[in-house]
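Taking it in order: structure first as structure tokens, then the write-up.
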Amino acid sequence: MRGAVALAGVTALAVVGTGAWLPGERAAAGRGVDGRGVDGRAAAKPAPDPSSSSAPSSAPSSSHSPDLSRYYTQKIKWGACEGAGEGLMSDSDATAVPKDKSIQCGRITVPLDYAKPGRGKVKLAMIRIKSSGKPRGSLLLNFGGPGGAGVSGLLAAQKEFEYLGKGYDVVSFDPRGVGESSPVSCGDAGEQEPEMAGDSADPGAVLDEMRKISEECRKKSGPVLPYVGTVNVSRDMDVMREVLGDKKLNYLGFSYGTRLGAVYTAQFPKNVGRMVLDGVDTLTEDVAEQALVSAEGRQTALDNFIKWCTENAGCVLGTDSRAARGNMAELIKGLDTYPLQSSDGAEFTGQDVVDVLGQALYSRQSWPALSQALGALLADGDPRALLRMSGSLAEQTRGGGVARVRGRAPQDVPADNMAAALMAVNCADDPDRPDEDSIEKEVGKLQEEFESTSAIFGRSMLMPVLFCFGRPAGTDYIRDDVRDVKSPDFLLVGTRGDPATPYRWTEETAKRLGSAAVVLDNKGDGHTGYAGSKCVRDKVDGFLLYGEMPRTGSSCGADEED
């Protein structure tokens, strides 16, 4: 009865360190746009290829760069987005969206392998909402994941970017391996759930299952799988920049999208325009440490939710926050032991509660609904409100809807695509591959460490540590070379109560990237700051539209949240 797609025992939302941006309920207020400089368009010309790859996921090198001019000089043909808006809004609104000529979809072609362009091509789906004011260039968005689709994501969140749309064509895309861009899949293997909890768990058997899942992913995904990963997607974005006619890349990345933006600043420092990275990802920590930090972040967010609830009259958890934390753990343990059963025999377990908590804690706006849904479960043993909430939040995180570019039906995108892409990209970005003996020796210690970090989230976050077993080692470029970038200044937004990307990652990443990285400290709660804080939104809009960079050390108070 899980609301999100499960893969190897972990929901698509139990991401290794990051996540996807959830659109808020309130768009930026309308303000006039004056002539203060947003980088304009440049006549398209072949951009020099800065590098070539010696392996699909490896770092660029400067020698023997292949000729990529045909990709940089291509023309994108924009047209109506087939099915745009279905499932995203009311029926009357949905039928109107395809008639809105400001919303257009198209495709570009990029090489499968930048080192050897002759190996094949990948077609990438793109969407743009044309500027409602004077066109000043494009603003490229990535909503996170990894595995989040940008085409349907921008349609779902278009009202959030109306103000930025007064000065930019707002553009997003499905990265290679995602959505309409040669989607990866693990097929039925994505429904298997190896069990790592409990004394009876057999690490060897779990690793055998992971090896089988890896092989199924390879078979189901096709030739694109070895070439997914942030290094190649960053290079795809530079092709997009040139095809869109922009001299510089103006970019707003959320969550995992901050990793993507950081890699771009290292690969193409001279092409960086106005860039904002909100919900900053780590560039250095391995998969195990990322998963552990994610469990810790979710526990902190849950503690904040419980504190908020118990301080309000009528809280279903009572008035004592310490007792409420203990009761929550007992609730989940009890449902794992004695699940609720529906009339058709389906079970609702404690891990289903964990799934919903992990999703709802991404946005403080979801806390009242979460409190009510927990109340129904506690008072009446009725999980339906939690299940409805789970489905709604999961749909927002995936981007929602079935908007598509001409040439592919929505049913052609595998149901497990987001989860499969998340695993593929994180593995492509991680060079560590412990052998089987090492994993079997460490798994007991890891299990204790995760469960001591969070009795509630530790179990669900342990499995991502094993995601990459059976796959080739990923690139070491991000960990070793994305540092001390020589680009124009760009803005990093970190949120103190972020359950997915802890604030310390903002500080560590800023220090690593060097003096070009300017930090905005958002003292609120929730994953990312742009959707939940008017202060953050105003500062980000001011920088992207007018070049008004916040001073180093600037902050937004928690009391300034919407």
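Ligands are numbered from 1 in the order shown, chains are lettered A, B, ... in the order of the structure tokens, and residues start at 1 in each chain.
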
### Task
Using only C-alpha atoms, determine which residues lie at most 7 Å from segment 314-323 of chain A, disregarding the query and same-chain residues fewer than 6 positions distant; provide the list as number ranges by chain.
A: 306-307, 371, 375

Proximity check segment 116-173 of chain A to segment 277-295 of chain A, 10 Å, nearest pairs one decimal Å, only C-alpha atoms, as CSV:
```
residue,atom,partner,partner_atom,distance
A:Asn142,CA,A:Leu277,CA,9.8
A:Phe143,CA,A:Asp278,CA,9.8
A:Gly144,CA,A:Gly279,CA,9.4
```

#### Entry: Sel. of alpha helix (DSSP H) residues, segment 264-416 of chain A, as a PyMOL selection string
chain A and resi 264-267+287-310+321-337+350-360+367-380+384-398

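Residues lying within 9 Å of segment 335-350 of chain A, counting only C-alpha atoms and ignoring same-chain neighbours fewer than 2 positions away, are Met1, Arg2, Glu330, Leu331, Ile332, Lys333, Asp352, Val353, Val354, Asp355, Gly381, Asp382 and Pro383 of chain A.
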
### Task
Can you work out the spacing between atom CA of Pro499 of chain A and atom CA of Gly253 of chain A in Å, to one decimal?
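Rounded to one decimal, the two atoms are 17.4 Å apart.
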
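Proximity ranking of A:Gln447, A:Asn271, A:Asn250, A:Thr265 relative to Arg483 of chain A places A:Thr265 first, based on only C-alpha atoms.
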
### Query
Nearest to Lys270 of chain A among A:Asp489, A:Asp476, A:Asp169, A:Glu451, with distances taken over only C-alpha atoms: which residue is it?
A:Asp489

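Across the structure, atom CA of Pro117 of chain A and atom CA of Pro175 of chain A are spaced 17.9 Å apart.
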
Taking a cut-off of 10 Å and counting only C-alpha atoms, can you build a table that, for each residue of segment 301-402 of chain A near segment 508-525 of chain A, reports the nearest atom pair and how far apart they are in Å (one decimal), sorted by chain then residue number, as JSON lines?
```
{"residue": "A:Ala301", "atom": "CA", "partner": "A:Asp525", "partner_atom": "CA", "distance": 7.6}
{"residue": "A:Asn304", "atom": "CA", "partner": "A:Asp525", "partner_atom": "CA", "distance": 8.3}
{"residue": "A:Phe305", "atom": "CA", "partner": "A:Asp525", "partner_atom": "CA", "distance": 9.4}
{"residue": "A:Leu361", "atom": "CA", "partner": "A:Asp525", "partner_atom": "CA", "distance": 8.8}
{"residue": "A:Tyr362", "atom": "CA", "partner": "A:Asp525", "partner_atom": "CA", "distance": 8.4}
{"residue": "A:Ser363", "atom": "CA", "partner": "A:Asp525", "partner_atom": "CA", "distance": 7.4}
{"residue": "A:Arg364", "atom": "CA", "partner": "A:Asp525", "partner_atom": "CA", "distance": 6.4}
{"residue": "A:Gln365", "atom": "CA", "partner": "A:Asp525", "partner_atom": "CA", "distance": 9.8}
```

Please produce an output containing all heavy atoms for each residue in the selection, written as a PDB file, in the first residue's frame.
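For reference, out02.pdb as written:
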```
ATOM      1  N   ALA A 301      13.655  16.719  11.437  1.00  0.00           N
ATOM      2  CA  ALA A 301      12.416  17.316  10.932  1.00  0.00           C
ATOM      3  C   ALA A 301      11.199  16.750  11.658  1.00  0.00           C
ATOM      4  O   ALA A 301      10.249  17.492  11.965  1.00  0.00           O
ATOM      5  CB  ALA A 301      12.303  17.074   9.423  1.00  0.00           C
ATOM      6  N   ASN A 304      10.940  18.373  14.975  1.00  0.00           N
ATOM      7  CA  ASN A 304      10.397  19.730  14.833  1.00  0.00           C
ATOM      8  C   ASN A 304       8.881  19.696  14.626  1.00  0.00           C
ATOM      9  O   ASN A 304       8.146  20.543  15.161  1.00  0.00           O
ATOM     10  CB  ASN A 304      11.061  20.449  13.657  1.00  0.00           C
ATOM     11  CG  ASN A 304      12.518  20.780  13.925  1.00  0.00           C
ATOM     12  OD1 ASN A 304      12.963  20.783  15.076  1.00  0.00           O
ATOM     13  ND2 ASN A 304      13.272  21.065  12.875  1.00  0.00           N
ATOM     14  N   PHE A 305       8.416  18.729  13.825  1.00  0.00           N
ATOM     15  CA  PHE A 305       6.973  18.580  13.626  1.00  0.00           C
ATOM     16  C   PHE A 305       6.266  18.247  14.937  1.00  0.00           C
ATOM     17  O   PHE A 305       5.220  18.823  15.266  1.00  0.00           O
ATOM     18  CB  PHE A 305       6.697  17.482  12.592  1.00  0.00           C
ATOM     19  CG  PHE A 305       5.282  16.989  12.612  1.00  0.00           C
ATOM     20  CD1 PHE A 305       4.245  17.759  12.099  1.00  0.00           C
ATOM     21  CD2 PHE A 305       4.974  15.741  13.165  1.00  0.00           C
ATOM     22  CE1 PHE A 305       2.933  17.300  12.127  1.00  0.00           C
ATOM     23  CE2 PHE A 305       3.669  15.278  13.196  1.00  0.00           C
ATOM     24  CZ  PHE A 305       2.646  16.058  12.681  1.00  0.00           C
ATOM     25  N   LEU A 361       7.257  15.655   5.662  1.00  0.00           N
ATOM     26  CA  LEU A 361       8.193  16.530   6.365  1.00  0.00           C
ATOM     27  C   LEU A 361       8.993  17.411   5.413  1.00  0.00           C
ATOM     28  O   LEU A 361       9.688  18.322   5.858  1.00  0.00           O
ATOM     29  CB  LEU A 361       9.137  15.693   7.234  1.00  0.00           C
ATOM     30  CG  LEU A 361       8.455  14.966   8.401  1.00  0.00           C
ATOM     31  CD1 LEU A 361       9.438  14.015   9.074  1.00  0.00           C
ATOM     32  CD2 LEU A 361       7.900  15.954   9.414  1.00  0.00           C
ATOM     33  N   TYR A 362       8.894  17.163   4.104  1.00  0.00           N
ATOM     34  CA  TYR A 362       9.598  18.010   3.137  1.00  0.00           C
ATOM     35  C   TYR A 362       9.061  19.437   3.130  1.00  0.00           C
ATOM     36  O   TYR A 362       9.770  20.363   2.763  1.00  0.00           O
ATOM     37  CB  TYR A 362       9.455  17.422   1.727  1.00  0.00           C
ATOM     38  CG  TYR A 362      10.559  16.484   1.328  1.00  0.00           C
ATOM     39  CD1 TYR A 362      11.043  15.527   2.207  1.00  0.00           C
ATOM     40  CD2 TYR A 362      11.126  16.552   0.063  1.00  0.00           C
ATOM     41  CE1 TYR A 362      12.055  14.662   1.839  1.00  0.00           C
ATOM     42  CE2 TYR A 362      12.143  15.698  -0.316  1.00  0.00           C
ATOM     43  CZ  TYR A 362      12.601  14.740   0.581  1.00  0.00           C
ATOM     44  OH  TYR A 362      13.605  13.891   0.203  1.00  0.00           O
ATOM     45  N   SER A 363       7.798  19.605   3.499  1.00  0.00           N
ATOM     46  CA  SER A 363       7.193  20.931   3.441  1.00  0.00           C
ATOM     47  C   SER A 363       6.396  21.197   4.708  1.00  0.00           C
ATOM     48  O   SER A 363       5.514  20.414   5.067  1.00  0.00           O
ATOM     49  CB  SER A 363       6.270  21.035   2.212  1.00  0.00           C
ATOM     50  OG  SER A 363       5.514  22.222   2.258  1.00  0.00           O
ATOM     51  N   ARG A 364       6.692  22.308   5.358  1.00  0.00           N
ATOM     52  CA  ARG A 364       5.953  22.674   6.561  1.00  0.00           C
ATOM     53  C   ARG A 364       4.465  22.884   6.255  1.00  0.00           C
ATOM     54  O   ARG A 364       3.614  22.735   7.131  1.00  0.00           O
ATOM     55  CB  ARG A 364       6.556  23.944   7.174  1.00  0.00           C
ATOM     56  CG  ARG A 364       6.053  24.236   8.586  1.00  0.00           C
ATOM     57  CD  ARG A 364       6.679  25.489   9.153  1.00  0.00           C
ATOM     58  NE  ARG A 364       6.215  25.727  10.513  1.00  0.00           N
ATOM     59  CZ  ARG A 364       6.942  25.576  11.596  1.00  0.00           C
ATOM     60  NH1 ARG A 364       8.190  25.149  11.497  1.00  0.00           N
ATOM     61  NH2 ARG A 364       6.438  25.829  12.793  1.00  0.00           N
ATOM     62  N   GLN A 365       4.155  23.222   5.025  1.00  0.00           N
ATOM     63  CA  GLN A 365       2.761  23.411   4.623  1.00  0.00           C
ATOM     64  C   GLN A 365       1.957  22.122   4.752  1.00  0.00           C
ATOM     65  O   GLN A 365       0.726  22.150   4.828  1.00  0.00           O
ATOM     66  CB  GLN A 365       2.702  23.930   3.183  1.00  0.00           C
ATOM     67  CG  GLN A 365       3.283  25.329   3.027  1.00  0.00           C
ATOM     68  CD  GLN A 365       3.456  25.719   1.573  1.00  0.00           C
ATOM     69  OE1 GLN A 365       3.484  24.860   0.695  1.00  0.00           O
ATOM     70  NE2 GLN A 365       3.596  27.000   1.310  1.00  0.00           N
TER      71      GLN A 365
END
```

### Query
How far is it from atom CA of Val151 of chain A to atom CA of Arg176 of chain A, in Å with one decimal?
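Interatomic distance here is 12.5 Å.
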